[in-house]
Structures are given as C-alpha cells and as structure tokens.
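Q: structure22.cif (mmCIF, C-alpha atoms) pasted underneath:
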data_entry
loop_
_atom_site.label_atom_id
_atom_site.label_comp_id
_atom_site.auth_asym_id
_atom_site.auth_seq_id
_atom_site.Cartn_x
_atom_site.Cartn_y
_atom_site.Cartn_z
CA MET A 179 20.76 3.33 -18.34
CA ILE A 180 21.26 1.02 -15.39
CA ASP A 181 24.63 -0.72 -15.28
CA ARG A 182 24.61 -4.42 -14.53
CA VAL A 183 25.32 -5.08 -10.85
CA GLU A 184 27.03 -8.38 -10.30
CA ALA A 185 25.88 -10.50 -7.41
CA PRO A 186 28.52 -11.72 -4.94
CA GLY A 187 30.21 -14.99 -5.86
CA VAL A 188 27.76 -17.30 -4.10
CA GLU A 189 26.37 -20.25 -6.03
CA ARG A 190 22.58 -20.22 -5.80
CA ALA A 191 19.89 -22.32 -7.37
CA PRO A 192 17.73 -20.38 -9.83
CA LEU A 193 15.15 -18.31 -7.99
CA SER A 194 11.50 -18.87 -8.75
CA VAL A 195 10.05 -15.39 -8.35
CA LEU A 196 6.56 -13.93 -7.90
CA VAL A 197 6.03 -10.19 -8.36
CA VAL A 198 2.68 -8.90 -7.05
CA ASP A 199 1.88 -5.29 -7.94
CA ASP A 200 -1.16 -3.66 -9.51
CA SER A 201 1.15 -1.50 -11.61
CA ARG A 202 2.30 -3.49 -14.63
CA VAL A 203 5.09 -1.01 -15.24
CA MET A 204 6.40 -1.58 -11.72
CA ARG A 205 6.20 -5.35 -12.18
CA ALA A 206 8.18 -5.05 -15.41
CA MET A 207 10.67 -2.73 -13.77
CA ILE A 208 11.22 -5.02 -10.78
CA ILE A 209 11.75 -8.03 -13.07
CA ARG A 210 14.11 -6.06 -15.29
CA THR A 211 16.04 -4.85 -12.26
CA LEU A 212 16.24 -8.39 -10.84
CA ARG A 213 17.76 -9.54 -14.11
CA LEU A 214 20.29 -6.69 -13.93
CA THR A 215 21.44 -7.77 -10.47
CA GLY A 216 22.97 -10.96 -11.85
CA LEU A 217 20.98 -13.17 -9.47
CA PRO A 218 20.03 -16.48 -11.15
CA LEU A 219 16.36 -16.33 -12.13
CA GLY A 220 14.20 -19.33 -12.96
CA ALA A 221 10.44 -19.00 -13.47
CA VAL A 222 9.08 -15.48 -13.02
CA HIS A 223 5.37 -15.10 -12.22
CA GLU A 224 3.31 -11.91 -12.09
CA ALA A 225 0.08 -11.04 -10.30
CA ALA A 226 -1.88 -7.78 -10.21
CA ASP A 227 -3.35 -8.19 -6.71
CA GLY A 228 -3.09 -10.23 -3.56
CA LEU A 229 -5.77 -12.76 -4.51
CA ALA A 230 -4.07 -13.56 -7.80
CA GLY A 231 -0.76 -13.77 -5.94
CA LEU A 232 -2.15 -16.32 -3.47
CA GLY A 233 -3.51 -18.33 -6.40
CA ILE A 234 -0.08 -18.55 -7.97
CA LEU A 235 1.50 -19.52 -4.64
CA GLU A 236 -0.97 -22.43 -4.35
CA ARG A 237 0.10 -23.75 -7.75
CA GLU A 238 3.76 -22.84 -8.15
CA PRO A 239 6.89 -23.43 -6.09
CA VAL A 240 8.02 -19.86 -5.45
CA THR A 241 11.32 -19.04 -3.73
CA LEU A 242 10.96 -15.28 -3.55
CA ALA A 243 7.88 -13.03 -3.57
CA LEU A 244 8.05 -9.26 -4.04
CA VAL A 245 4.75 -7.75 -2.95
CA ASP A 246 3.26 -4.25 -3.18
CA ILE A 247 0.98 -2.98 -0.39
CA ASN A 248 -1.82 -0.92 -1.95
CA MET A 249 -3.65 -3.15 -4.44
CA PRO A 250 -7.28 -3.76 -5.38
CA ARG A 251 -9.26 -6.83 -4.23
CA LEU A 252 -6.66 -7.93 -1.64
CA SER A 253 -3.85 -5.73 -0.34
CA GLY A 254 -0.31 -6.97 0.03
CA LEU A 255 -0.53 -7.00 3.83
CA ASP A 256 -3.80 -8.93 3.79
CA MET A 257 -2.27 -11.36 1.32
CA LEU A 258 0.71 -11.91 3.64
CA ALA A 259 -1.56 -12.32 6.66
CA ARG A 260 -3.37 -15.13 4.83
CA LEU A 261 -0.09 -16.63 3.66
CA GLY A 262 1.60 -16.59 7.07
CA ARG A 263 5.33 -17.13 7.39
CA THR A 264 6.68 -20.64 7.28
CA ALA A 265 10.15 -22.08 6.91
CA THR A 266 9.14 -23.72 3.65
CA GLY A 267 7.25 -20.75 2.20
CA PRO A 268 8.69 -18.10 -0.06
CA ARG A 269 10.92 -15.37 1.28
CA VAL A 270 8.88 -12.19 1.05
CA ILE A 271 9.93 -8.62 0.37
CA VAL A 272 7.35 -5.86 0.54
CA VAL A 273 8.09 -3.19 -2.06
CA SER A 274 6.26 0.06 -1.41
CA SER A 275 6.39 3.79 -1.95
CA ASP A 276 4.85 4.23 1.49
CA GLY A 277 7.56 6.05 3.42
CA SER A 278 5.92 5.88 6.84
CA ASP A 279 7.80 4.29 9.70
CA ALA A 280 4.61 2.61 10.85
CA ARG A 281 4.33 0.62 7.62
CA ALA A 282 7.98 -0.46 7.55
CA VAL A 283 7.85 -1.56 11.20
CA GLN A 284 4.61 -3.47 10.56
CA VAL A 285 6.23 -5.36 7.68
CA LEU A 286 9.45 -6.11 9.55
CA GLU A 287 7.48 -7.36 12.57
CA MET A 288 5.69 -9.78 10.23
CA GLY A 289 9.15 -11.21 9.49
CA HIS A 290 9.41 -9.91 5.92
CA GLY A 291 11.89 -7.67 4.14
CA PHE A 292 10.99 -4.12 3.15
CA LEU A 293 12.18 -2.13 0.14
CA HIS A 294 11.20 1.46 -0.33
CA LYS A 295 10.44 2.86 -3.80
CA PRO A 296 12.25 4.33 -5.60
CA PHE A 297 15.21 1.99 -5.29
CA ALA A 298 18.51 1.38 -7.03
CA PRO A 299 19.39 -2.07 -8.46
CA GLU A 300 21.94 -2.63 -5.69
CA ASP A 301 19.26 -1.90 -3.05
CA LEU A 302 17.07 -4.62 -4.57
CA ARG A 303 19.97 -7.06 -4.75
CA ASP A 304 20.92 -6.40 -1.11
CA VAL A 305 17.42 -6.87 0.27
CA VAL A 306 16.93 -10.04 -1.81
CA LEU A 307 20.20 -11.51 -0.56
CA ARG A 308 19.31 -10.66 3.04
CA ALA A 309 15.89 -12.29 2.65
CA LEU A 310 17.37 -15.42 1.12
CA ASP A 311 20.07 -15.65 3.79
CA ALA A 312 17.42 -15.25 6.51
CA GLY A 313 15.50 -18.06 4.87
CA ASP A 314 18.57 -20.28 4.93
CA ASP A 315 18.96 -19.56 8.66
CA ASP A 316 15.34 -20.59 9.28
CA ARG A 317 15.81 -23.97 7.65
CA MET B 197 8.36 28.47 -1.53
CA THR B 198 6.28 26.91 1.28
CA ASP B 199 7.40 23.94 3.39
CA ASN B 200 4.95 21.70 1.52
CA SER B 201 6.31 22.89 -1.82
CA ILE B 202 9.84 22.11 -0.67
CA ALA B 203 8.70 18.62 0.34
CA LEU B 204 7.07 18.17 -3.08
CA ARG B 205 10.29 19.26 -4.76
CA VAL B 206 12.40 16.81 -2.73
CA ALA B 207 10.07 13.86 -3.31
CA ALA B 208 9.63 14.61 -7.02
CA THR B 209 13.36 15.03 -7.58
CA LEU B 210 14.03 11.68 -5.90
CA ALA B 211 11.38 9.93 -7.99
CA PHE B 212 12.32 11.47 -11.35
CA GLU B 213 16.01 10.85 -10.84
CA GLU B 214 15.97 7.36 -9.29
CA LEU B 215 12.88 5.88 -10.94
CA GLY B 216 12.72 7.85 -14.18
CA LEU B 217 16.46 8.33 -14.65
CA LEU B 218 15.85 11.96 -15.59
CA CYS B 219 17.84 14.95 -14.32
CA VAL B 220 15.82 17.51 -12.38
CA GLY B 221 16.78 21.16 -12.44
CA ALA B 222 15.44 24.29 -10.85
CA ALA B 223 11.95 25.08 -9.62
CA VAL B 224 10.36 27.49 -12.07
CA GLU B 225 7.94 30.41 -11.76
CA PRO B 226 5.57 31.40 -13.20
CA PRO B 227 3.95 28.04 -13.95
CA SER B 228 3.62 26.85 -17.55
CA ALA B 229 0.33 27.06 -19.40
CA LEU B 230 -1.70 23.86 -19.02
CA ASP B 231 -1.42 22.98 -22.72
CA ALA B 232 2.36 22.80 -22.28
CA LEU B 233 1.81 20.02 -19.72
CA PRO B 234 -0.69 17.80 -21.53
CA ALA B 235 -0.25 14.50 -19.65
CA ALA B 236 -1.81 14.42 -16.17
CA VAL B 237 -2.48 11.71 -13.60
CA SER B 238 -3.70 11.92 -10.03
CA VAL B 239 -3.47 9.75 -6.93
CA ALA B 240 -6.17 10.06 -4.28
CA PHE B 241 -5.37 9.12 -0.70
CA ASP B 242 -7.33 8.60 2.49
CA GLY B 243 -6.66 7.72 6.10
CA ALA B 244 -5.15 10.13 8.65
CA ASN B 245 -5.73 12.80 6.01
CA ALA B 246 -7.53 12.76 2.68
CA GLY B 247 -6.62 14.48 -0.55
CA SER B 248 -4.95 14.00 -3.88
CA LEU B 249 -1.67 14.49 -5.66
CA THR B 250 -1.66 15.48 -9.33
CA LEU B 251 1.33 15.18 -11.64
CA ARG B 252 1.36 17.05 -14.98
CA VAL B 253 4.25 16.71 -17.42
CA SER B 254 5.31 17.99 -20.80
CA ASP B 255 5.20 15.63 -23.75
CA ASP B 256 8.94 14.96 -23.83
CA VAL B 257 8.95 13.94 -20.15
CA PHE B 258 5.87 11.77 -20.73
CA ARG B 259 7.67 9.94 -23.55
CA ALA B 260 10.99 9.61 -21.70
CA LEU B 261 9.60 8.04 -18.52
CA ALA B 262 8.52 4.67 -19.90
CA GLU B 263 11.56 4.47 -22.15
CA ASN B 264 13.93 5.02 -19.23
CA MET B 265 12.07 2.96 -16.63
CA LEU B 266 11.84 -0.10 -18.87
CA GLY B 267 14.77 0.38 -21.23
CA LEU B 268 12.46 0.55 -24.26
CA ASP B 269 12.74 2.64 -27.39
CA GLY B 270 10.14 4.76 -29.13
CA ASP B 271 7.11 2.79 -30.25
CA ASP B 272 7.87 -0.13 -27.88
CA ALA B 273 7.36 2.23 -24.95
CA GLU B 274 4.06 3.68 -26.16
CA PRO B 275 1.71 1.17 -24.42
CA TRP B 276 3.52 1.76 -21.14
CA ARG B 277 3.49 5.56 -21.02
CA TRP B 278 0.40 6.15 -18.89
CA ASP B 279 1.36 3.36 -16.49
CA ALA B 280 4.83 4.86 -16.10
CA LEU B 281 3.43 8.32 -15.39
CA GLY B 282 0.96 6.84 -12.90
CA GLU B 283 3.70 4.97 -11.07
CA MET B 284 5.74 8.15 -10.91
CA ALA B 285 2.80 9.96 -9.27
CA ASN B 286 2.29 7.05 -6.89
CA VAL B 287 5.92 7.12 -5.77
CA ILE B 288 5.97 10.91 -5.35
CA CYS B 289 2.77 10.73 -3.30
CA GLY B 290 4.04 7.89 -1.11
CA ASN B 291 7.25 9.75 -0.44
CA VAL B 292 5.90 13.24 0.15
CA LEU B 293 3.06 12.46 2.58
CA PRO B 294 5.30 11.26 5.44
CA TYR B 295 7.30 14.49 5.12
CA ILE B 296 4.16 16.58 5.52
CA LEU B 297 1.91 14.48 7.75
CA GLY B 298 4.57 12.71 9.80
CA THR B 299 5.97 9.21 9.49
CA ARG B 300 3.35 7.73 11.86
CA ALA B 301 0.38 8.76 9.73
CA SER B 302 -1.42 5.76 8.25
CA LEU B 303 -2.69 6.37 4.72
CA THR B 304 -4.11 4.36 1.85
CA LEU B 305 -3.31 5.39 -1.72
CA ALA B 306 -5.75 4.70 -4.53
CA PRO B 307 -4.50 3.52 -7.93
CA PRO B 308 -3.38 6.37 -10.20
CA ALA B 309 -6.10 7.78 -12.47
CA ARG B 310 -5.71 9.69 -15.72
CA GLY B 311 -6.60 13.37 -15.60
CA ALA B 312 -6.49 16.07 -12.98
CA PRO B 313 -9.20 16.65 -10.40
CA PRO B 314 -10.12 20.25 -9.58
CA VAL B 315 -7.93 21.68 -6.84
CA SER B 316 -8.39 24.69 -4.60
CA ARG B 317 -6.19 27.76 -4.66
CA ALA B 318 -4.75 26.52 -1.38
CA ALA B 319 -3.20 23.44 -2.99
CA SER B 320 0.57 23.20 -2.59
CA HIS B 321 2.43 23.08 -5.85
CA VAL B 322 5.83 23.12 -7.47
CA GLU B 323 6.95 23.12 -11.09
CA LEU B 324 10.36 21.71 -11.97
CA GLU B 325 12.65 21.59 -14.95
CA VAL B 326 13.04 17.93 -15.92
CA GLU B 327 15.72 17.58 -18.58
CA ALA B 328 14.44 19.94 -21.32
CA GLY B 329 10.82 19.60 -20.20
CA ARG B 330 8.67 20.43 -17.21
CA ALA B 331 6.74 18.67 -14.47
CA ARG B 332 4.20 20.25 -12.12
CA ILE B 333 3.07 18.58 -8.92
CA LEU B 334 0.02 19.72 -6.95
CA LEU B 335 -0.97 18.43 -3.55
CA GLU B 336 -4.47 18.99 -2.17
CA LEU B 337 -4.99 18.16 1.51
CA ALA B 338 -8.57 18.00 2.73
CA GLY B 339 -7.62 18.26 6.39
CA ALA B 340 -6.86 15.87 9.21
CA ARG B 341 -9.40 13.15 10.06
CA GLN B 342 -10.76 13.09 13.58
#
Do you think you could lay out the structure here as structure tokens?
A:
Amino acid sequence: MIDRVEAPGVERAPLSVLVVDDSRVMRAMIIRTLRLTGLPLGAVHEAADGLAGLGILEREPVTLALVDINMPRLSGLDMLARLGRTATGPRVIVVSSDGSDARAVQVLEMGHGFLHKPFAPEDLRDVVLRALDAGDDDR
Amino acid sequence: MTDNSIALRVAATLAFEELGLLCVGAAVEPPSALDALPAAVSVAFDGANAGSLTLRVSDDVFRALAENMLGLDGDDAEPWRWDALGEMANVICGNVLPYILGTRASLTLAPPARGAPPVSRAASHVELEVEAGRARILLELAGARQ
C-alpha cells in the first residue's frame, strides 16, 4: 500500500484537475495518487485523448492538467501545441513512460513539467508543487 | 543473459515494483510453459526502430496488479485487470527502449493490445519471479529505420 504523503504546510485553493490519458487505469492511478499527496483537490476531470482534453479545457476552469503523450486521435504534445502556454491557462505536467531525453527536453522547452512513469507519490507531489509555484511566478 | 535481456530485467523490475507494488526476484530458466502464463498483452512501437514488446504473466500476478495499482479488492478489481496489465507493458516498453536504442531515439508506442504476436527466435526475453508468480517479457526489434 502507498502511505499518505502530506503536502508542505502551504495553504492552497482547491485544485481543479484534468487528467488526460488513454489508459483508464493510469487516470485512476494518477487521481488516487493525487489524493494521497494531501494536496487540496476540487473538481477532477478525465479525458481519454487530446481532443477530449481540449474540449474540457474550453468548458471548465482547470488549474492543473496532467497529460500523457501517446494517445489516439490527438497526442498530448499536439494537444499542448494547440493549447499554447498562457499565464492564465492551466499548469501542465506531461506524464509519460517515454524515457528518452529528447522527449523530456521537448516538453521542458514547451514550458511544461515532466514526470516519468513509473513514479512514487512524492515524485508526483513535487512536480505538481513546482508547476504550481512556476505558475504563481508567471502571474 | 544478453545486454537486451538485462535491460528488460531492469525495466520490468522497476515497473513491477514501483507501479505494481510487487516484489521481483530472480530471473528464471528454463522458461515456464505458456499455459502457466495465461495473460498476455503486447505493445507495438514504431519510429527510429519498429517492433513489439510482449508481457505474459501468471494468473496470480494478473490478479494482483490491478488490486495493488488501484487499491481495490477482489471483484472490484476485475474490470481493471487487462488495463492494468496493458499499462504495465506500456511502462516497461517506454523504459526499456531508451536503454537499448539510446535516449535520443524518437519512438511512438501504440496502445497495448491483448494477446501475443508471433516473435522470432531472435527476440530478447527474460522471465522473472514476481512474488509467488512469474512474468515473461519478450522484445522483438525489426531493425533500425533508415
């Protein structure tokens, strides 16, 4: 079992989260792990591909998006290219099993966080906190 | 054990232990009979190199994966079992290919599919003890793209 990992003592508004992954088990696992980190979660949305993810972003105020790369219809990178990166948009973390340097560098150069699968709950918490802090700096 | 088999063992151990929360033991020879490893999924890949990775597991490992990954018990985990096995294969594949092909190789992985495609005798493979069960991983590389 995974032990609960407490987040640092920083007061945060509840996070509105979007998880985009064609694997429903990975979506469920990411959401479960987010809950275990102790970060305050508000609405949690799920999408199985980049097109569905963009549709949710058009309708819902999302603070944090966790996005897979290899997905049908529209890949995570193509989704992010269409989304762009704005100060008012969601903070984005790409979550992928792709261990190539080229992919990680590509994501980081787009201004997003990168989390490599498999990951421990504290890895997810750390990359989320870094992404949120970077977002605060942008604003 | 070949270099590719060692890479398969490292990537599979990482995935089973961190994602599946299952302890991995020794590599075993000779390989188990196929009917002892009834659950199989494969992940095809293309790009700098094409090929596929197949993951076969014993029934106890198949059942434990979804339960551990999602914190579910018994019947609640049943609808998730194939998805969990597929994600395990996806993560092993994503982790092993940079070891073998280099970290600059650009590859696209297809969604996991149930079953095992035919593989040649040249396919790299490793079979591991996973808790009280077994897992076999086979990697077929078609050759570098020009």
Q: Which is closest to Leu286 in chain A among A:Arg237, A:Thr266, A:Val272, A:Pro192, if we use only C-alpha atoms?
A: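 Looking only at the distances to Leu286 in chain A, the closest residue turns out to be A:Val272.
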Q: Find the residue from A:Arg260, A:Arg269, A:His294, A:Arg303 that sits nearest to Gly228 in chain A; use all atoms listed in the file when measuring.
A: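 Closest to Gly228 in chain A of all the choices is A:Arg260.
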Q: Evaluate the PyMOL selection byres ((chain B) within 7 of (chain A)) here and jot the selected residues down as a list in words.
A: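 The output of the PyMOL selection byres ((chain B) within 7 of (chain A)) on this file is Ala211, Glu214, Leu215, Met265, Leu266, Trp276, Asp279, Ala280, Glu283, Val287, Gly290, Asn291, Pro294, Thr299, Arg300, Ala301, Thr304 and Leu305 of chain B.
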Q: Closest to Leu293 in chain B among B:Thr198, B:Asn264, B:Asn245, B:Ser316, using only C-alpha atoms?
A: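 The shortest atom-to-atom distance to Leu293 in chain B comes from B:Asn245.
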Q: In Å, rounded to a single decimal, give me how far CA of Ala246 in chain B is from CA of Ala331 in chain B.
A: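 Going from CA of Ala331 in chain B over to CA of Ala246 in chain B, I get 23.1 Å.
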Q: What is the distance between CA of Ile202 in chain B and CA of Leu324 in chain B, in Å to one decimal?
A: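 For CA of Ile202 in chain B relative to CA of Leu324 in chain B, the distance reads 11.3 Å.
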Q: For CA of Gly282 in chain B and CA of Asp199 in chain B, determine how far apart the two atoms are, in Å to one decimal place.
A: 24.5 Å
Q: Nearest to Ala259 in chain A: which of A:Ala243, A:Val305, A:Met288, A:Glu238 is it, counting only C-alpha atoms?
A: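 Under the stated criterion, the closest residue is A:Met288.
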